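For reference, work.txt (compact mmCIF, C-alpha atoms):
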```txt
# COMPACT_ATOMS: atom_id res chain seq x y z
CA MET A 1 -56.98 4.14 75.22
CA LYS A 2 -56.11 7.11 73.11
CA LEU A 3 -52.51 5.98 72.98
CA ARG A 4 -53.57 2.40 72.04
CA GLY A 5 -55.78 3.71 69.23
CA MET A 6 -52.97 5.91 67.97
CA PHE A 7 -50.56 2.92 67.88
CA LEU A 8 -53.14 0.86 65.96
CA ARG A 9 -53.58 3.55 63.37
CA ILE A 10 -49.84 3.89 62.89
CA ALA A 11 -49.48 0.09 62.52
CA VAL A 12 -52.23 -0.04 59.91
CA ALA A 13 -50.64 2.80 57.97
CA LEU A 14 -47.28 1.03 57.93
CA LEU A 15 -48.61 -2.42 57.00
CA ALA A 16 -50.98 -1.34 54.25
CA PRO A 17 -48.32 -0.65 51.52
CA LEU A 18 -46.63 -3.97 52.23
CA VAL A 19 -49.88 -5.86 51.81
CA VAL A 20 -50.65 -4.03 48.55
CA ALA A 21 -47.16 -4.71 47.16
CA GLN A 22 -47.40 -8.39 48.10
CA SER A 23 -50.76 -8.75 46.43
CA ALA A 24 -49.46 -7.00 43.31
CA GLY A 25 -46.47 -9.33 43.19
CA GLN A 26 -48.69 -12.37 43.59
CA GLU A 27 -50.82 -11.30 40.63
CA GLU A 28 -47.70 -11.51 38.42
CA LEU A 29 -46.79 -15.03 39.58
CA PRO A 30 -48.27 -18.13 37.95
CA SER A 31 -51.18 -19.75 39.80
CA ALA A 32 -49.86 -23.34 39.46
CA PRO A 33 -46.56 -25.17 38.80
CA SER A 34 -47.70 -26.24 35.32
CA ALA A 35 -48.40 -22.60 34.48
CA THR A 36 -44.89 -21.74 35.68
CA VAL A 37 -43.39 -24.29 33.30
CA GLU A 38 -45.39 -22.93 30.38
CA GLN A 39 -44.43 -19.39 31.25
CA ASN A 40 -40.76 -20.33 31.38
CA ARG A 41 -41.04 -22.06 28.00
CA ALA A 42 -42.68 -18.96 26.53
CA LYS A 43 -39.89 -16.82 27.94
CA GLN A 44 -37.39 -19.24 26.46
CA LYS A 45 -38.92 -18.90 22.99
CA ASP A 46 -38.98 -15.11 23.29
CA SER A 47 -35.35 -15.03 24.41
CA ASN A 48 -34.35 -17.24 21.46
CA LYS A 49 -36.13 -14.92 19.03
CA ALA A 50 -34.88 -11.70 20.63
CA PRO A 51 -31.63 -10.06 19.46
CA PRO A 52 -28.60 -10.37 21.74
CA ALA A 53 -28.95 -6.74 22.91
CA GLN A 54 -32.56 -7.29 24.01
CA ALA A 55 -31.68 -10.56 25.76
CA ALA A 56 -28.94 -8.83 27.70
CA GLN A 57 -31.35 -6.03 28.63
CA ARG A 58 -33.92 -8.53 29.95
CA SER A 59 -31.21 -10.31 31.90
CA GLN A 60 -30.17 -7.02 33.49
CA SER A 61 -33.75 -6.03 34.27
CA ALA A 62 -34.38 -9.41 35.90
CA GLN A 63 -31.61 -8.61 38.37
CA THR A 64 -33.01 -5.15 39.26
CA ASN A 65 -35.85 -4.42 41.69
CA PRO A 66 -38.75 -2.10 40.87
CA GLN A 67 -36.94 0.80 42.57
CA GLY A 68 -33.99 0.33 40.19
CA GLN A 69 -31.62 -1.09 42.82
CA ALA A 70 -29.56 -4.07 41.80
CA THR A 71 -30.14 -7.31 43.73
CA PRO A 72 -27.80 -10.28 44.13
CA THR A 73 -28.16 -12.93 41.43
CA GLU A 74 -29.64 -15.65 43.60
CA PRO A 75 -31.99 -18.45 42.52
CA GLN A 76 -35.49 -17.07 42.82
CA SER A 77 -38.48 -18.97 44.09
CA ASP A 78 -40.96 -20.09 41.47
CA ASN A 79 -43.70 -20.86 44.06
CA ARG A 80 -43.54 -24.58 43.37
CA ILE A 81 -44.82 -26.81 46.15
CA ALA A 82 -42.03 -28.77 47.75
CA GLY A 83 -42.30 -32.51 47.04
CA SER A 84 -44.86 -32.08 44.21
CA PRO A 85 -44.46 -34.28 41.10
CA GLN A 86 -43.92 -31.27 38.86
CA SER A 87 -41.21 -29.94 41.16
CA ASP A 88 -39.43 -33.28 41.37
CA ASN A 89 -39.54 -33.86 37.62
CA ILE A 90 -38.26 -30.40 36.80
CA ALA A 91 -35.51 -30.61 39.40
CA ALA A 92 -34.48 -34.02 38.07
CA ALA A 93 -34.43 -32.73 34.50
CA SER A 94 -32.34 -29.74 35.53
CA SER A 95 -29.91 -31.94 37.41
CA GLN A 96 -29.63 -34.35 34.47
CA GLN A 97 -28.97 -31.50 32.06
CA ALA A 98 -26.33 -30.03 34.34
CA GLN A 99 -24.55 -33.41 34.39
CA SER A 100 -24.74 -33.75 30.63
CA GLN A 101 -22.87 -30.47 30.04
CA PRO A 102 -19.22 -30.86 31.02
CA GLY A 103 -17.76 -27.81 32.67
CA ALA A 104 -21.17 -26.17 33.22
CA ASP A 105 -21.76 -24.05 36.29
CA PRO A 106 -24.19 -25.91 38.62
CA LYS A 107 -25.75 -22.62 39.73
CA THR A 108 -26.47 -21.65 36.16
CA ALA A 109 -27.78 -25.09 35.28
CA THR A 110 -30.40 -25.07 38.06
CA THR A 111 -31.69 -21.51 37.94
CA GLY A 112 -34.48 -22.09 35.44
CA ASP A 113 -35.69 -23.90 32.33
CA SER A 114 -35.21 -20.87 30.09
CA GLU A 115 -31.45 -21.07 30.54
CA SER A 116 -31.04 -24.83 30.63
CA ALA A 117 -33.11 -25.39 27.51
CA ALA A 118 -31.29 -22.81 25.38
CA PRO A 119 -29.00 -24.33 22.72
CA PRO A 120 -25.27 -24.12 23.49
CA ARG A 121 -23.32 -21.27 21.87
CA ASN A 122 -20.86 -23.69 20.29
CA ALA A 123 -23.69 -25.50 18.54
CA GLU A 124 -25.05 -22.23 17.19
CA SER A 125 -21.65 -21.16 15.92
CA LYS A 126 -21.16 -24.58 14.33
CA ASN A 127 -24.51 -24.27 12.59
CA ASP A 128 -23.60 -20.77 11.42
CA THR A 129 -20.30 -22.10 10.12
CA ASN A 130 -22.10 -24.85 8.25
CA ARG A 131 -24.52 -22.35 6.79
CA ASN A 132 -21.64 -20.11 5.69
CA THR A 133 -19.85 -23.09 4.18
CA ASP A 134 -22.98 -24.09 2.31
CA SER A 135 -23.42 -20.55 1.00
CA ASP A 136 -19.78 -20.50 -0.10
CA LYS A 137 -20.32 -23.79 -1.90
CA GLU A 138 -23.38 -22.35 -3.56
CA GLY A 139 -21.28 -19.36 -4.67
CA LEU A 140 -18.64 -21.70 -6.06
CA ASP A 141 -21.30 -23.76 -7.77
CA GLU A 142 -22.62 -20.61 -9.43
CA SER A 143 -19.14 -19.85 -10.75
CA LEU A 144 -18.61 -23.35 -12.14
CA PRO A 145 -20.33 -22.71 -15.49
CA THR A 146 -17.61 -20.11 -16.28
CA VAL A 147 -15.35 -21.76 -18.83
CA ARG A 148 -11.75 -20.67 -19.19
CA LYS A 149 -10.79 -21.16 -22.80
CA ARG A 150 -7.23 -21.11 -24.06
CA VAL A 151 -7.11 -18.94 -27.15
CA ASP A 152 -4.54 -20.10 -29.70
CA GLU A 153 -4.52 -16.70 -31.37
CA VAL A 154 -1.49 -14.52 -32.09
CA ASN A 155 -1.61 -10.73 -32.31
CA VAL A 156 0.95 -8.83 -34.38
CA VAL A 157 1.47 -5.10 -34.94
CA PHE A 158 3.57 -4.32 -38.03
CA THR A 159 4.66 -1.55 -40.38
CA VAL A 160 4.83 -1.54 -44.19
CA THR A 161 7.16 0.71 -46.16
CA ASP A 162 8.01 1.04 -49.85
CA LYS A 163 11.49 0.97 -51.37
CA HIS A 164 11.98 4.62 -50.43
CA GLY A 165 11.14 4.00 -46.77
CA ARG A 166 7.76 5.74 -46.94
CA TYR A 167 4.87 4.27 -44.99
CA VAL A 168 2.15 2.42 -46.89
CA LYS A 169 -1.16 2.80 -45.06
CA ASP A 170 -3.90 1.67 -47.49
CA LEU A 171 -3.41 -2.11 -47.71
CA LYS A 172 -6.14 -4.69 -47.05
CA LYS A 173 -6.32 -8.04 -45.35
CA ASP A 174 -5.95 -10.01 -48.61
CA ASP A 175 -2.67 -8.22 -49.33
CA PHE A 176 -0.89 -10.19 -46.62
CA ARG A 177 0.14 -13.76 -45.99
CA VAL A 178 1.26 -15.01 -42.57
CA LEU A 179 3.77 -17.78 -41.92
CA ASP A 180 3.89 -19.19 -38.40
CA ASP A 181 6.88 -21.43 -37.78
CA SER A 182 7.36 -21.50 -41.57
CA LYS A 183 3.79 -22.80 -42.10
CA PRO A 184 0.87 -20.79 -43.49
CA ALA A 185 -1.51 -19.61 -40.79
CA GLU A 186 -4.79 -21.47 -40.65
CA GLN A 187 -6.85 -18.28 -40.53
CA ILE A 188 -6.44 -14.51 -40.27
CA ARG A 189 -9.17 -13.66 -37.82
CA SER A 190 -8.94 -9.88 -37.66
CA PHE A 191 -7.20 -7.08 -39.52
CA HIS A 192 -7.05 -3.38 -38.66
CA ASN A 193 -5.30 -0.23 -39.69
CA GLU A 194 -4.03 0.89 -36.32
CA THR A 195 -3.48 4.61 -36.89
CA ASP A 196 -5.78 5.57 -34.01
CA LEU A 197 -5.20 2.69 -31.59
CA PRO A 198 -4.35 3.83 -28.04
CA LEU A 199 -0.67 3.83 -27.15
CA GLN A 200 1.17 2.69 -24.05
CA VAL A 201 4.67 4.10 -24.36
CA GLY A 202 7.66 3.59 -22.11
CA LEU A 203 10.49 6.11 -22.37
CA LEU A 204 13.75 4.51 -21.15
CA VAL A 205 16.57 7.01 -20.80
CA ASP A 206 20.16 6.03 -20.14
CA ALA A 207 21.27 8.16 -17.17
CA SER A 208 24.71 6.66 -16.72
CA ASN A 209 27.96 8.59 -16.75
CA SER A 210 28.62 7.54 -20.34
CA VAL A 211 25.95 9.97 -21.68
CA ARG A 212 26.55 12.90 -19.30
CA ASP A 213 27.89 15.32 -21.93
CA ARG A 214 24.75 15.16 -24.13
CA PHE A 215 22.13 14.37 -21.51
CA LYS A 216 20.47 17.78 -21.42
CA PHE A 217 19.66 17.82 -25.13
CA GLU A 218 18.31 14.27 -24.98
CA GLN A 219 15.96 15.31 -22.18
CA GLU A 220 14.53 18.18 -24.19
CA SER A 221 14.08 15.98 -27.27
CA ALA A 222 12.26 13.36 -25.21
CA ILE A 223 9.95 15.98 -23.69
CA GLU A 224 9.09 17.29 -27.15
CA PHE A 225 8.33 13.74 -28.35
CA LEU A 226 5.96 13.07 -25.43
CA ASN A 227 4.18 16.41 -25.93
CA GLN A 228 3.60 15.61 -29.60
CA THR A 229 2.68 11.93 -29.19
CA ILE A 230 0.61 11.45 -26.03
CA ARG A 231 -3.05 12.38 -26.46
CA PRO A 232 -4.91 13.23 -23.24
CA ARG A 233 -7.52 10.67 -22.10
CA TYR A 234 -6.36 8.29 -24.85
CA ASP A 235 -2.64 7.46 -24.64
CA LYS A 236 -0.40 6.87 -21.63
CA ALA A 237 3.34 6.96 -21.07
CA LEU A 238 5.86 6.44 -18.30
CA VAL A 239 9.43 7.63 -17.79
CA VAL A 240 12.20 5.34 -16.55
CA GLY A 241 15.77 6.44 -16.05
CA PHE A 242 18.49 3.88 -15.48
CA ASP A 243 22.11 3.63 -14.54
CA VAL A 244 22.89 0.68 -12.26
CA THR A 245 19.18 0.27 -11.43
CA PRO A 246 15.99 1.48 -13.17
CA GLU A 247 14.08 4.32 -11.54
CA VAL A 248 10.52 5.29 -12.44
CA THR A 249 10.42 9.08 -12.26
CA GLN A 250 6.88 9.19 -13.67
CA ASP A 251 4.46 6.27 -13.84
CA PHE A 252 1.80 5.81 -16.52
CA THR A 253 -0.15 9.00 -17.15
CA ASP A 254 -1.62 11.05 -19.99
CA ASN A 255 -0.51 14.30 -18.36
CA THR A 256 2.32 15.65 -20.50
CA GLU A 257 3.30 18.17 -17.84
CA ALA A 258 3.84 15.37 -15.33
CA LEU A 259 5.81 13.42 -17.94
CA SER A 260 8.00 16.46 -18.60
CA ARG A 261 8.74 16.76 -14.89
CA GLY A 262 9.61 13.07 -14.84
CA VAL A 263 12.13 13.53 -17.65
CA ARG A 264 13.70 16.60 -16.01
CA ALA A 265 14.02 14.69 -12.73
CA LEU A 266 16.54 12.31 -14.31
CA ARG A 267 20.14 12.77 -13.17
CA PRO A 268 23.12 11.10 -14.86
CA GLY A 269 25.59 9.06 -12.86
CA GLY A 270 26.81 5.53 -12.18
CA GLY A 271 27.20 2.44 -14.34
CA THR A 272 24.85 1.05 -17.00
CA ALA A 273 22.34 -1.78 -16.61
CA LEU A 274 20.48 -1.44 -19.91
CA PHE A 275 19.19 -5.03 -20.14
CA ASP A 276 17.85 -4.94 -16.59
CA ALA A 277 16.00 -1.71 -17.33
CA LEU A 278 14.40 -3.11 -20.49
CA TYR A 279 13.45 -6.32 -18.70
CA PHE A 280 11.92 -4.37 -15.80
CA ALA A 281 9.94 -1.99 -18.01
CA CYS A 282 8.43 -4.85 -20.04
CA ARG A 283 7.67 -7.26 -17.20
CA ASP A 284 6.72 -4.96 -14.33
CA LYS A 285 5.18 -2.03 -16.18
CA LEU A 286 3.92 -2.56 -19.73
CA MET A 287 2.87 -6.17 -19.28
CA LYS A 288 0.92 -5.29 -16.12
CA ALA A 289 -0.59 -2.03 -17.36
CA PRO A 290 -4.42 -2.24 -17.51
CA GLN A 291 -5.98 -2.23 -20.95
CA LYS A 292 -9.59 -1.40 -21.83
CA GLY A 293 -9.20 -2.78 -25.36
CA PRO A 294 -6.61 -3.34 -28.11
CA THR A 295 -3.53 -1.26 -27.33
CA ARG A 296 -0.13 -0.81 -28.93
CA ARG A 297 2.84 -1.11 -26.61
CA ALA A 298 6.12 0.54 -27.46
CA ILE A 299 9.38 1.46 -25.77
CA ILE A 300 11.72 4.22 -26.91
CA LEU A 301 15.17 3.35 -25.61
CA LEU A 302 17.68 6.21 -25.55
CA SER A 303 21.17 4.87 -24.87
CA ASP A 304 24.63 4.25 -26.25
CA GLY A 305 24.03 0.50 -25.95
CA ASP A 306 26.85 -0.19 -23.49
CA ASP A 307 25.98 -2.44 -20.57
CA ASN A 308 28.29 -3.32 -17.69
CA GLN A 309 25.97 -3.93 -14.72
CA SER A 310 22.94 -6.03 -15.80
CA HIS A 311 21.93 -9.29 -14.17
CA VAL A 312 19.96 -10.51 -17.21
CA THR A 313 21.36 -11.06 -20.66
CA ARG A 314 20.49 -9.24 -23.85
CA GLU A 315 18.49 -12.19 -25.16
CA GLU A 316 16.55 -12.51 -21.90
CA ALA A 317 15.58 -8.85 -22.16
CA ILE A 318 14.48 -9.37 -25.78
CA GLU A 319 12.47 -12.43 -24.80
CA MET A 320 10.61 -10.45 -22.12
CA ALA A 321 9.82 -7.72 -24.67
CA GLN A 322 8.41 -10.34 -27.02
CA ARG A 323 6.30 -11.88 -24.28
CA ALA A 324 4.92 -8.44 -23.42
CA GLU A 325 4.27 -7.75 -27.13
CA VAL A 326 6.35 -4.58 -26.95
CA ILE A 327 7.94 -2.92 -29.98
CA VAL A 328 11.28 -1.37 -29.05
CA TYR A 329 12.67 1.67 -30.88
CA THR A 330 16.27 2.50 -30.07
CA ILE A 331 18.06 5.83 -30.49
CA SER A 332 21.81 5.69 -30.14
CA THR A 333 23.53 8.48 -28.27
CA ASN A 334 26.87 7.58 -29.85
CA ILE A 335 27.79 10.54 -32.04
CA SER A 336 31.37 9.53 -32.74
CA GLY A 337 30.56 8.76 -36.37
CA MET A 338 31.63 5.13 -35.99
CA LYS A 339 29.45 2.14 -35.17
CA LYS A 340 30.43 0.63 -31.87
CA SER A 341 29.47 -2.59 -30.14
CA GLY A 342 26.70 -0.81 -28.26
CA ASP A 343 25.08 0.23 -31.55
CA LYS A 344 24.94 -3.40 -32.67
CA ILE A 345 23.21 -4.30 -29.43
CA LEU A 346 20.59 -1.58 -30.00
CA GLU A 347 20.08 -2.80 -33.55
CA ARG A 348 19.54 -6.37 -32.39
CA ILE A 349 16.95 -5.34 -29.77
CA ALA A 350 14.97 -3.22 -32.23
CA SER A 351 15.03 -5.79 -35.02
CA ALA A 352 13.92 -8.70 -32.80
CA THR A 353 10.90 -6.80 -31.46
CA GLY A 354 9.68 -5.26 -34.73
CA GLY A 355 11.05 -1.81 -34.00
CA ARG A 356 13.73 0.28 -35.59
CA ALA A 357 17.18 1.49 -34.60
CA PHE A 358 18.25 5.10 -35.17
CA PHE A 359 21.83 6.34 -35.31
CA PRO A 360 21.94 10.13 -35.40
CA PHE A 361 25.12 11.70 -36.77
CA GLN A 362 24.92 14.57 -34.34
CA ILE A 363 23.00 15.23 -31.17
CA ARG A 364 20.54 17.58 -32.89
CA ASP A 365 19.32 14.67 -35.05
CA VAL A 366 17.84 12.99 -31.98
CA ALA A 367 14.78 15.25 -32.21
CA ASP A 368 14.25 14.20 -35.84
CA ASP A 369 14.44 10.53 -34.88
CA PHE A 370 11.77 11.05 -32.25
CA ALA A 371 9.56 12.63 -34.94
CA VAL A 372 10.01 9.59 -37.22
CA ILE A 373 9.03 7.24 -34.40
CA GLN A 374 5.95 9.34 -33.71
CA ASP A 375 4.92 9.08 -37.37
CA GLU A 376 5.47 5.33 -37.44
CA LEU A 377 3.35 4.76 -34.35
CA ARG A 378 0.45 6.29 -36.31
CA SER A 379 1.11 4.27 -39.47
CA GLN A 380 0.82 0.64 -38.40
CA TYR A 381 -1.35 -2.39 -39.05
CA ALA A 382 -2.50 -5.06 -36.62
CA LEU A 383 -3.80 -8.55 -37.31
CA SER A 384 -4.59 -11.68 -35.33
CA TYR A 385 -4.32 -15.17 -36.72
CA LYS A 386 -4.66 -18.80 -35.75
CA PRO A 387 -1.54 -20.94 -36.33
CA ALA A 388 -1.91 -24.16 -38.28
CA ASP A 389 -0.14 -26.55 -35.90
CA PHE A 390 -0.28 -24.87 -32.53
CA SER A 391 0.75 -26.56 -29.30
CA PHE A 392 1.00 -25.24 -25.75
CA ASP A 393 4.65 -26.22 -25.26
CA GLY A 394 6.28 -22.89 -24.36
CA ARG A 395 8.46 -23.10 -27.46
CA TYR A 396 9.62 -20.11 -29.51
CA ARG A 397 7.83 -19.83 -32.84
CA THR A 398 8.81 -17.57 -35.72
CA ILE A 399 6.53 -15.05 -37.44
CA GLU A 400 6.85 -13.84 -41.02
CA ILE A 401 4.35 -11.50 -42.68
CA LEU A 402 4.57 -11.18 -46.45
CA ALA A 403 2.98 -8.51 -48.64
CA GLN A 404 1.65 -10.42 -51.64
CA ASN A 405 0.59 -8.95 -54.97
CA HIS A 406 2.77 -5.90 -54.26
CA LYS A 407 6.40 -5.47 -55.25
CA ASN A 408 9.13 -3.73 -53.32
CA LEU A 409 7.16 -3.55 -50.07
CA HIS A 410 8.92 -4.24 -46.80
CA VAL A 411 7.01 -5.53 -43.76
CA ARG A 412 8.60 -4.97 -40.36
CA ALA A 413 7.20 -6.96 -37.42
CA ARG A 414 8.46 -8.87 -34.42
CA ARG A 415 10.26 -12.00 -35.47
CA GLY A 416 8.48 -14.44 -33.21
CA TYR A 417 6.78 -15.24 -29.94
CA TYR A 418 6.75 -17.81 -27.15
CA ALA A 419 3.80 -20.17 -27.09
CA PRO A 420 2.10 -20.50 -23.70
CA ALA A 421 3.16 -23.50 -21.65
CA GLN A 422 0.82 -26.44 -20.98
```
Have the structure of the file written as structure tokens, please.
Amino acid sequence: MKLRGMFLRIAVALLAPLVVAQSAGQEELPSAPSATVEQNRAKQKDSNKAPPAQAAQRSQSAQTNPQGQATPTEPQSDNRIAGSPQSDNIAAASSQQAQSQPGADPKTATTGDSESAAPPRNAESKNDTNRNTDSDKEGLDESLPTVRKRVDEVNVVFTVTDKHGRYVKDLKKDDFRVLDDSKPAEQIRSFHNETDLPLQVGLLVDASNSVRDRFKFEQESAIEFLNQTIRPRYDKALVVGFDVTPEVTQDFTDNTEALSRGVRALRPGGGTALFDALYFACRDKLMKAPQKGPTRRAIILLSDGDDNQSHVTREEAIEMAQRAEVIVYTISTNISGMKKSGDKILERIASATGGRAFFPFQIRDVADDFAVIQDELRSQYALSYKPADFSFDGRYRTIEILAQNHKNLHVRARRGYYAPAQ
């Protein structure tokens, strides 16, 4: 008897936790099939609202027992009564949905309403794509009111000197008359004395073998010019040396020390591709240099004018300078005392762009020529005008600025420009 009572007590002690756990689990289950359906729908709504991280966490927790041990992902019983109408309807709906989704996993399709009722991922991504497209269209629609207007306005920087070659700096707008393609301009829209306008200067130095014997002095003269001309936080300059190909030894900066290092880094040698270097500096550097407002662009070209390696012609280089609105000043390094063919080339480039050609008699005069250029850059005018008969045909049009009501004044400006193409 004592042994039988002891066995009964042990059995009760072992069965009691199982009964409690079963009753606790039954309290968490729905009391009827309809309640199960509603609960699954509620879970479905919550899973749709929850972020992906939370949904993944719930999915993981659903596959883990209360003791934290993972269980196999098998279909779990929902306590529906076999053969009941609710069970049959739900099973039929699940089966129908599984058949309507090609390539769907049958196990996944029949595990519960919360999964089968969720919208497909492809549909969600398509909706997101549509929403993004709509937002892009709205952004484009917002940008539509922006009107791009073609401005038929020509800007010209020019210099005025008297019969003695001295700069005249006190003239007014009414003292000038503009001829565009030999016709009076319709209107002069702006006029400024440009003594303080920011400068963008390109220093092009011939580093070919033809200038080797005087190269060192030219370097020092160029450095002195940059130190005297470039104002920190206002003007910018770059240094380009060229023989067969152009080489930028210092890009645009207002740091005169860096510019000096760029000039000293030049080394003579090789052939001469002067036209290529001028074309490159205008198209790839000055034309693309950012501008915060009106800016004067100028190139100081130090060379003997000989060219034996260029791929572009002299006139193509001049055209690019005109398109970039660059004034070119040339300083010849020919100190033979006789004008050579290279000097005529330098003269043509300077004259066509509104600049000036210098021909020093000896190498020491190069420094004086740099000083004259520096003075001229601070003694210029700038105006903008509207041509009378302007057309967007890409054609070359001539410019002539006349000083009226004043005798013996000479106006030096670029000779023309290329109209923008249609």
Using 8 Å of padding on each side, determine the axis-aligned box around all atoms of segment 360-378 of chain A present in the file and give its centre and edge lengths in Å to one decimal, as AutoDock Vina command-line options.
```
--center_x 12.8 --center_y 11.2 --center_z -34.3 --size_x 40.7 --size_y 28.8 --size_z 22.3
```
Closest-contact table, segment 180-287 of chain A side, partner segment 361-383 of chain A, 7 Å, counting all atoms listed in the file, as a Markdown table:
```
| residue | atom | partner | partner_atom | distance |
| --- | --- | --- | --- | --- |
| A:Ser190 | CA | A:Leu383 | CA | 5.3 |
| A:Phe191 | CA | A:Leu383 | CA | 4.3 |
| A:His192 | CA | A:Ala382 | CA | 5.3 |
| A:Asn193 | CA | A:Tyr381 | CA | 4.5 |
| A:Glu194 | CA | A:Tyr381 | CA | 5.0 |
| A:Thr195 | CA | A:Arg378 | CA | 4.3 |
| A:Asp196 | CA | A:Arg378 | CA | 6.7 |
| A:Ser221 | CA | A:Ala367 | CA | 5.0 |
| A:Phe225 | CA | A:Phe370 | CA | 5.9 |
| A:Thr229 | CA | A:Gln374 | CA | 6.2 |
```
Suppose you want the space between atom CA of Thr249 of chain A and atom CA of Pro268 of chain A; what is it in Å? 13.1 Å
Excluding Asp174 of chain A and residues on its chain fewer than 4 positions from it, collect all residues at most 10 Å away from it, counting only C-alpha atoms, and give them as JSON, numbers by chain. {"A": [188, 191, 403, 404, 405]}
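When atom CA of Tyr167 of chain A is paired with atom CA of Ala352 of chain A, their separation reads 20.0 Å.
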Excluding Asp235 of chain A and its own-chain neighbours fewer than 3 positions away, which residues fall within 9 Å of it when counting only C-alpha atoms? Please give them as an mmCIF file with C-alpha atoms, in the coordinates of the input.
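Below you can see around-v4.cif, which holds the result:
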```cif
data_model
loop_
_atom_site.group_PDB
_atom_site.id
_atom_site.type_symbol
_atom_site.label_atom_id
_atom_site.label_comp_id
_atom_site.auth_asym_id
_atom_site.auth_seq_id
_atom_site.Cartn_x
_atom_site.Cartn_y
_atom_site.Cartn_z
ATOM 1 C CA LEU A 197 -5.200 2.690 -31.590
ATOM 2 C CA PRO A 198 -4.350 3.830 -28.040
ATOM 3 C CA LEU A 199 -0.670 3.830 -27.150
ATOM 4 C CA GLN A 200 1.170 2.690 -24.050
ATOM 5 C CA VAL A 201 4.670 4.100 -24.360
ATOM 6 C CA THR A 229 2.680 11.930 -29.190
ATOM 7 C CA ILE A 230 0.610 11.450 -26.030
ATOM 8 C CA ARG A 231 -3.050 12.380 -26.460
ATOM 9 C CA PRO A 232 -4.910 13.230 -23.240
ATOM 10 C CA THR A 253 -0.150 9.000 -17.150
ATOM 11 C CA ASP A 254 -1.620 11.050 -19.990
#
```
Contacts of Ile401 of chain A within 8 Å, all atoms listed in the file, excl. fewer than 6 positions in-chain, as a PyMOL selection string: chain A and resi 176-179+411+413
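Taking atom CA of Asp393 of chain A and atom CA of Ser182 of chain A as endpoints, the distance between them is 17.2 Å.
Closest approach to Asp206 of chain A among A:Thr353, A:Thr256, A:Thr330, A:Ser341 is made by A:Thr330 (distances from only C-alpha atoms).
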From the list A:Ala237, A:Leu409, A:Val244, A:Ala281, which residue is nearest Ser310 of chain A when using only C-alpha atoms? A:Val244
Shell of 9 Å around Met320 of chain A, all atoms listed in the file, local chain residues under 6 positions omitted, as a PyMOL selection string: chain A and resi 278-280+282-283+326
Any idea what's packed within 12 Å of Ile318 of chain A, counting all atoms listed in the file, ignoring anything in its chain fewer than 5 positions away? Could you give it as number ranges by chain? A: 274-283, 299, 312-313, 323-328, 345-355, 414-418
Do you know which residues lie at most 12 Å from (23.6, 4.7, -27.9), with coordinates as in the file and all atoms listed in the file counted, and could you write them as a count of residues only? 47
Residue nearest Glu257 of chain A among A:Ala185, A:Leu171, A:Ile223, A:Leu286 (counting all atoms listed in the file):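 For Glu257 of chain A, the nearest of the candidates is A:Ile223.
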Using only C-alpha atoms, can you tell me which of A:Phe392, A:Phe217, A:Phe242, A:Phe252 comes closest to Gln309 of chain A?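 Nearest candidate to Gln309 of chain A out of A:Phe392, A:Phe217, A:Phe242, A:Phe252: A:Phe242.
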